[in-house]
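One structure below.
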Amino acid sequence: MTTVQEKSRGLTGSEFSYCPGCTHGIIHRLVAENLVELGVLGQAIGIAPVGCAVFAYDFFNCDMLEAAHGRAPAVATGIKRVLQDNVVFTYQGDGDLAAIGTAETVHAAVRGENITIIFVNNAIYGMTGGQMAPTTLLGQKSTTTPAGRSRETQGAPIRVCEMLATIPGAASIARVSVDSPANVRKAKKAIKTAFETQIAKKGFSLVEVLSTCPTNWGLNPVESLSWLRTNMMPYYPLGTFRSPDEEAK
């Protein structure tokens, strides 16, 4: 029998612990495949803080460290400055990166730290019970906004890519999704570009990946993909917001 596709050696043999329909597993695969295809798996060091991906050390077949909630970019900065030839990446959710970790993310970009951030945006706090996140959409219900997020009370959702694209030290900033095969292929390419940016020592890179959270959205996996397309994509448009070539000019 011909093998069409096999599990990337960038992943361990551990079974994913994510909820059914969650797209963390797809994103893990894309990161792992790129590390292997770029020939840097043995040099890779990943940092996962608190959140749904807190057990990422079980899944990525490279050196992994844990960081306190929101502090992954700071930990990555220290590692990269000491081990400049290693490929250092963080894997963070929106509740982590865009809330308690906002300062670490912004200032890592300001300094042009040569690290790569994989930012998973599912518009809610996933691991801790479905509270409102900085990326929760207006009108979206959560355990802390049972009537829906209000602009007057909670403000507007933060657009991380648009914000970081204004910072000169940010060399590569892109937003992708993994809701369809076509978008999965584009996401893999964007993650590859981010790692290539780091390998070429061009500075800070971040890929935001729109993801689903069927459990906390109260939807089944198919409905979740539809909700993402209908509600998240209009507010969080896909695309490249800063490219290494643009930064080099």
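The way I read the labels, and the way they are meant: chains A, B, ... in the order of the structure tokens, residue 1 as the first residue of every chain, and ligand 1 as the first ligand shown, with later ones counted on from there.
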Counting only C-alpha atoms, give me one row per residue of segment 23-120 of chain A with an atom at most 9 Å from an atom of segment 154-171 of chain A, showing the shortest contact pair and its distance in Å to one decimal, sorted by chain then residue number, as CSV.
```
residue,atom,partner,partner_atom,distance
A:Ala98,CA,A:Val160,CA,7.2
A:Thr105,CA,A:Leu164,CA,8.8
A:Val106,CA,A:Leu164,CA,6.9
A:Ala108,CA,A:Gly169,CA,8.4
A:Ala109,CA,A:Ala170,CA,5.2
A:Val110,CA,A:Gly169,CA,5.1
A:Arg111,CA,A:Gly169,CA,6.0
A:Gly112,CA,A:Gly169,CA,4.0
A:Glu113,CA,A:Gly169,CA,7.6
```
- request: Report as number ranges by chain: the residues of segment 21-162 of chain A with a DSSP assignment of strand (DSSP E), based on the backbone of this structure.
  value: A: 44-48, 63-66, 87-93, 116-121
Per-residue nearest contacts segment 180-224 of chain A to segment 16-38 of chain A, cut-off 7 Å, using only C-alpha atoms, as a tab-separated table:
```
residue	atom	partner	partner_atom	distance
A:Lys188	CA	A:Leu30	CA	5.4
A:Ile191	CA	A:Val31	CA	6.8
A:Lys192	CA	A:Asn34	CA	5.8
A:Ser211	CA	A:Thr23	CA	5.8
A:Thr212	CA	A:Cys22	CA	5.6
A:Cys213	CA	A:Cys22	CA	5.6
A:Pro214	CA	A:Gly21	CA	6.3
A:Pro221	CA	A:Gly21	CA	4.5
```
- prompt: Counting only C-alpha atoms, what is within 10 Å of Leu210 of chain A, bar same-chain residues fewer than 4 positions away, as a ChimeraX atom specification?
  reply: /A:23,27,94,119-123,175-179,187,228-229,232-233,236-238
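If only C-alpha atoms are the atoms counted, then among A:Leu138, A:Ala48, A:Ile115, A:Val82 the closest residue to Glu66 of chain A is A:Ala48.
What separates atom CA of Ala72 of chain A from atom CA of Phe195 of chain A is a distance of 16.8 Å.
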task: Could you give me the residues within segment 62-230 of chain A that DSSP places in helix (DSSP H, G or I), as a PyMOL selection string?
output: chain A and resi 72-82+94-100+102-110+151-154+160-164+181-199+214-217+221-230
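Using only C-alpha atoms, the smallest distance between any of A:Gly129, A:Pro244, A:Gly46, A:Gly148 and Lys80 of chain A comes from A:Gly46.
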- prompt: Interatomic distance between atom CA of Ile173 of chain A and atom CA of Asn231 of chain A?
  reply: 21.7 Å
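For the set A:Thr116, A:Thr3, A:Asn86, A:Asn61, the residue with the smallest atom-to-atom gap to Gly203 of chain A is A:Thr116, counting only C-alpha atoms.
With only C-alpha atoms as the atoms that count, the residue of A:Asn114, A:Gln5, A:Ser142, A:Thr153 with the shortest distance to Ser205 of chain A is A:Asn114.
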message: With only C-alpha atoms as the counted atoms, please give the residues lying no more than 10 Å from Gly130 of chain A, apart from itself and same-chain residues fewer than 6 positions off, as a ChimeraX atom specification.
response: /A:123-124,141-145,213,215-218
Put those residues in a file: N, CA and C atoms, as a PDB file, in the first residue's frame.
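Output file out.pdb is given in full below:
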```pdb
ATOM      1  N   ALA A 123     -10.794  33.598  19.829  1.00  0.00           N
ATOM      2  CA  ALA A 123     -11.751  34.613  20.298  1.00  0.00           C
ATOM      3  C   ALA A 123     -12.350  34.309  21.667  1.00  0.00           C
ATOM      4  N   ILE A 124     -11.665  33.496  22.481  1.00  0.00           N
ATOM      5  CA  ILE A 124     -12.214  33.174  23.807  1.00  0.00           C
ATOM      6  C   ILE A 124     -11.120  32.536  24.656  1.00  0.00           C
ATOM      7  N   LYS A 141     -21.101  35.922  23.049  1.00  0.00           N
ATOM      8  CA  LYS A 141     -21.382  35.545  24.422  1.00  0.00           C
ATOM      9  C   LYS A 141     -20.242  34.696  24.993  1.00  0.00           C
ATOM     10  N   SER A 142     -19.956  34.936  26.248  1.00  0.00           N
ATOM     11  CA  SER A 142     -18.965  34.141  26.972  1.00  0.00           C
ATOM     12  C   SER A 142     -19.440  34.028  28.411  1.00  0.00           C
ATOM     13  N   THR A 143     -18.693  33.302  29.229  1.00  0.00           N
ATOM     14  CA  THR A 143     -19.126  33.161  30.620  1.00  0.00           C
ATOM     15  C   THR A 143     -19.065  34.483  31.373  1.00  0.00           C
ATOM     16  N   THR A 144     -18.231  35.412  30.917  1.00  0.00           N
ATOM     17  CA  THR A 144     -18.136  36.717  31.575  1.00  0.00           C
ATOM     18  C   THR A 144     -18.875  37.812  30.811  1.00  0.00           C
ATOM     19  N   THR A 145     -19.398  37.472  29.627  1.00  0.00           N
ATOM     20  CA  THR A 145     -20.267  38.404  28.877  1.00  0.00           C
ATOM     21  C   THR A 145     -21.489  37.620  28.411  1.00  0.00           C
ATOM     22  N   CYS A 213     -13.119  26.929  18.625  1.00  0.00           N
ATOM     23  CA  CYS A 213     -13.249  26.415  19.983  1.00  0.00           C
ATOM     24  C   CYS A 213     -14.682  25.918  20.162  1.00  0.00           C
ATOM     25  N   THR A 215     -16.112  23.707  21.962  1.00  0.00           N
ATOM     26  CA  THR A 215     -16.591  23.499  23.328  1.00  0.00           C
ATOM     27  C   THR A 215     -17.107  24.786  23.948  1.00  0.00           C
ATOM     28  N   ASN A 216     -16.295  25.841  23.904  1.00  0.00           N
ATOM     29  CA  ASN A 216     -16.685  27.092  24.552  1.00  0.00           C
ATOM     30  C   ASN A 216     -17.578  27.975  23.685  1.00  0.00           C
ATOM     31  N   TRP A 217     -17.606  27.719  22.390  1.00  0.00           N
ATOM     32  CA  TRP A 217     -18.564  28.417  21.534  1.00  0.00           C
ATOM     33  C   TRP A 217     -19.953  27.787  21.614  1.00  0.00           C
ATOM     34  N   GLY A 218     -20.027  26.567  22.125  1.00  0.00           N
ATOM     35  CA  GLY A 218     -21.301  25.868  22.215  1.00  0.00           C
ATOM     36  C   GLY A 218     -21.808  25.388  20.869  1.00  0.00           C
TER      37      GLY A 218
END
```
